[in-house]
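Visitor: Mind looking over this structure? Questions follow.
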Amino acid sequence: RDAAAPSARDAPCCVVRLRAAEWSDAAAAISSFEERVAAAASPFGRVLDVRLGGALDARTREVRVYFADAAAAVCCGPRFECNGVQRVAHALENFPEPPVVARVGDLPKPKDAALLAGDVGGECSEYGRVLDARMEGTDVLVTFATLQGAQAAAIALDGAAFEGSHRCAIALGADDAAPACWLGGLVEEDEDLDDLSKIELVGELEEACAAFGVVGTIRVDEHGARVCYDENRGAAACAAAMEGRVFDGREVKASATLRGDAARRCPAELCAAVCDALRPA
């Protein structure tokens, strides 16, 4: 294990929760265990320091592994193994921005899971820094260093052909939210829309938004409209085109939410940048 530099405690850290039959608080035993953890973690990258924490309960403790590189910390968490202990959970610390995981599904059945994960990670790295890519079941989990990179890849690759025939699906969360374009400014704050007005507005939006992809449900309320699409790219293209557009005399404010992630908005500027990059020259 490398000697701990003064800045080691500020380095990217993987916090691994471990369970063992028993723990010893003897200084020699703790030092020996930290050395074992460092050796077990070193295949993922250069280890700067290891620190075993106090007892969470009779059998469970957390160990912090500090790495020289963020990707090493991310890779360590789900893969860490060490004789005599069982990994229960893991988390990350000391990251300037929380890494974002994208789940890539509807992929061809892999002959080599690691190779497929590497190929998918390579495709995703065109749009942002990828810290890790690994198989989980039939999907590939790709960890991005930033939300912007994850959103850009999700827009570009959702529905794209992979190995010729498979149209992959990319989700940025675990919920079942469909890709959607959110349109604000369509309704005055104090305006009370009756059912007929909502039906008319939905019809107008359906006609205007169908140019960007296959439209699903459209919902209108006092805050604006939510236009669902079958793919992330459609929602992003709609947000890029509708931002600042005057619709029925009102300026539209647009953003998108992507598959599986109804909570985090993708700004129209990013949507436009990705859609412009994908447009044939």
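Going through the structure tokens in order, the chains are called A, B, and so on, while each chain numbers its residues from 1 and the ligands are numbered from 1 in the order shown.
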Extract, using only C-alpha atoms, all DNA, RNA and protein residues at most 8 Å from Val142 of chain A, discarding same-chain residues fewer than 2 positions from it, and format them as a list in words.
Guide: Val101, Ala102, Arg103, Val104, Val120, Gly121, Cys124, Val130, Leu131, Asp132, Ala133, Arg134, Val140 and Phe144 of chain A
Visitor: With DSSP run on the backbone, what are the strand (DSSP E or B) residues within segment 146-280 of chain A? I'd like them as a VMD selection string.
Guide: chain A and resid 161 to 162 166 to 167 169 to 171 180 to 184 215 to 221 224 to 229 246 to 247 250 to 251 253 to 258 261 to 267
Visitor: Measuring between only C-alpha atoms, which one of A:Leu201, A:Ala239, A:Leu270, A:Cys228 shows the shortest distance to Ala150 of chain A?
Guide: A:Leu270
Visitor: Excluding Phe212 of chain A and residues on its chain fewer than 2 positions from it, collect all residues at most 9 Å away from it, counting only C-alpha atoms, and give them as a list in words.
Guide: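 The contact residues come out as Ala208, Cys209, Ala210, Val214, Val215, Tyr229, Arg233, Gly234, Ala235, Ala236, Ala237, Cys238 and Ala241 of chain A.
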Visitor: Could you write those residues out with N, CA and C atoms, as a PDB file, in the first residue's frame?
Guide:
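That gives us selection-v4.pdb:
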```
ATOM      1  N   ALA A 208     -48.226  19.513 -33.368  1.00  0.00           N
ATOM      2  CA  ALA A 208     -46.933  20.199 -33.402  1.00  0.00           C
ATOM      3  C   ALA A 208     -45.782  19.291 -33.003  1.00  0.00           C
ATOM      4  N   CYS A 209     -46.025  18.385 -32.065  1.00  0.00           N
ATOM      5  CA  CYS A 209     -44.942  17.572 -31.493  1.00  0.00           C
ATOM      6  C   CYS A 209     -44.712  16.256 -32.230  1.00  0.00           C
ATOM      7  N   ALA A 210     -45.640  15.862 -33.092  1.00  0.00           N
ATOM      8  CA  ALA A 210     -45.494  14.594 -33.806  1.00  0.00           C
ATOM      9  C   ALA A 210     -44.318  14.606 -34.767  1.00  0.00           C
ATOM     10  N   VAL A 214     -42.510   9.453 -32.122  1.00  0.00           N
ATOM     11  CA  VAL A 214     -43.799   8.832 -31.845  1.00  0.00           C
ATOM     12  C   VAL A 214     -44.316   9.350 -30.503  1.00  0.00           C
ATOM     13  N   VAL A 215     -45.441  10.057 -30.553  1.00  0.00           N
ATOM     14  CA  VAL A 215     -46.013  10.671 -29.362  1.00  0.00           C
ATOM     15  C   VAL A 215     -46.939   9.678 -28.657  1.00  0.00           C
ATOM     16  N   TYR A 229     -42.923  10.445 -25.228  1.00  0.00           N
ATOM     17  CA  TYR A 229     -42.430   9.851 -26.471  1.00  0.00           C
ATOM     18  C   TYR A 229     -42.000   8.414 -26.220  1.00  0.00           C
ATOM     19  N   ARG A 233     -34.705  10.434 -27.730  1.00  0.00           N
ATOM     20  CA  ARG A 233     -34.348  11.396 -28.766  1.00  0.00           C
ATOM     21  C   ARG A 233     -35.546  12.234 -29.186  1.00  0.00           C
ATOM     22  N   GLY A 234     -36.731  11.632 -29.225  1.00  0.00           N
ATOM     23  CA  GLY A 234     -37.923  12.384 -29.578  1.00  0.00           C
ATOM     24  C   GLY A 234     -38.222  13.469 -28.554  1.00  0.00           C
ATOM     25  N   ALA A 235     -38.131  13.111 -27.269  1.00  0.00           N
ATOM     26  CA  ALA A 235     -38.374  14.096 -26.217  1.00  0.00           C
ATOM     27  C   ALA A 235     -37.353  15.227 -26.277  1.00  0.00           C
ATOM     28  N   ALA A 236     -36.089  14.874 -26.524  1.00  0.00           N
ATOM     29  CA  ALA A 236     -35.032  15.880 -26.599  1.00  0.00           C
ATOM     30  C   ALA A 236     -35.206  16.780 -27.814  1.00  0.00           C
ATOM     31  N   ALA A 237     -35.544  16.199 -28.950  1.00  0.00           N
ATOM     32  CA  ALA A 237     -35.746  16.990 -30.165  1.00  0.00           C
ATOM     33  C   ALA A 237     -36.906  17.959 -29.996  1.00  0.00           C
ATOM     34  N   CYS A 238     -37.955  17.509 -29.316  1.00  0.00           N
ATOM     35  CA  CYS A 238     -39.103  18.372 -29.062  1.00  0.00           C
ATOM     36  C   CYS A 238     -38.699  19.536 -28.158  1.00  0.00           C
ATOM     37  N   ALA A 241     -36.578  22.072 -30.102  1.00  0.00           N
ATOM     38  CA  ALA A 241     -37.322  22.849 -31.097  1.00  0.00           C
ATOM     39  C   ALA A 241     -38.337  23.796 -30.463  1.00  0.00           C
TER      40      ALA A 241
END
```
Visitor: Might you pull out every residue within 12 Å of Asp57 of chain A, with only C-alpha atoms counted and same-chain residues fewer than 4 positions away left off, and present them as an MDAnalysis selection string?
Guide: chainID A and resid 17:23 53 61:62
Visitor: Those same residues - N, CA and C atoms - I'd like them written as a short mmCIF file (atom, residue, chain, number, x, y, z; two decimals), in the first residue's frame.
Guide:
```
data_model
loop_
_atom_site.label_atom_id
_atom_site.label_comp_id
_atom_site.auth_asym_id
_atom_site.auth_seq_id
_atom_site.Cartn_x
_atom_site.Cartn_y
_atom_site.Cartn_z
N ARG A 17 -19.23 -1.63 2.96
CA ARG A 17 -19.77 -2.18 4.20
C ARG A 17 -19.56 -3.69 4.20
N LEU A 18 -18.90 -4.19 5.25
CA LEU A 18 -18.50 -5.58 5.30
C LEU A 18 -19.07 -6.27 6.53
N ARG A 19 -19.35 -7.54 6.38
CA ARG A 19 -19.83 -8.36 7.50
C ARG A 19 -18.85 -9.51 7.73
N ALA A 20 -18.55 -9.75 8.99
CA ALA A 20 -17.64 -10.84 9.36
C ALA A 20 -18.16 -11.52 10.61
N ALA A 21 -17.69 -12.73 10.84
CA ALA A 21 -18.12 -13.48 12.02
C ALA A 21 -17.68 -12.77 13.29
N GLU A 22 -16.51 -12.16 13.24
CA GLU A 22 -16.02 -11.40 14.39
C GLU A 22 -14.98 -10.39 13.93
N TRP A 23 -14.80 -9.34 14.72
CA TRP A 23 -13.81 -8.32 14.43
C TRP A 23 -12.91 -8.15 15.65
N GLY A 53 -13.42 1.53 9.75
CA GLY A 53 -14.22 2.32 10.67
C GLY A 53 -14.67 1.50 11.87
N ARG A 61 -18.94 -3.62 9.73
CA ARG A 61 -18.12 -2.41 9.75
C ARG A 61 -17.99 -1.87 8.33
N GLU A 62 -17.57 -0.61 8.26
CA GLU A 62 -17.29 0.01 6.97
C GLU A 62 -15.79 0.24 6.83
#
```
Visitor: Would you write out, as a tab-separated table, a table of all residues in segment 141-234 of chain A that have an atom no more than 10 Å from an atom of segment 79-98 of chain A, listing for each the closest atom pair and the distance in Å to one decimal, considering only C-alpha atoms and ordering rows by chain and rising residue number?
Guide:
```
residue	atom	partner	partner_atom	distance
A:Phe144	CA	A:Pro98	CA	9.1
A:Ala145	CA	A:Glu97	CA	7.2
A:Thr146	CA	A:Glu97	CA	6.4
A:Leu147	CA	A:Pro98	CA	8.1
```
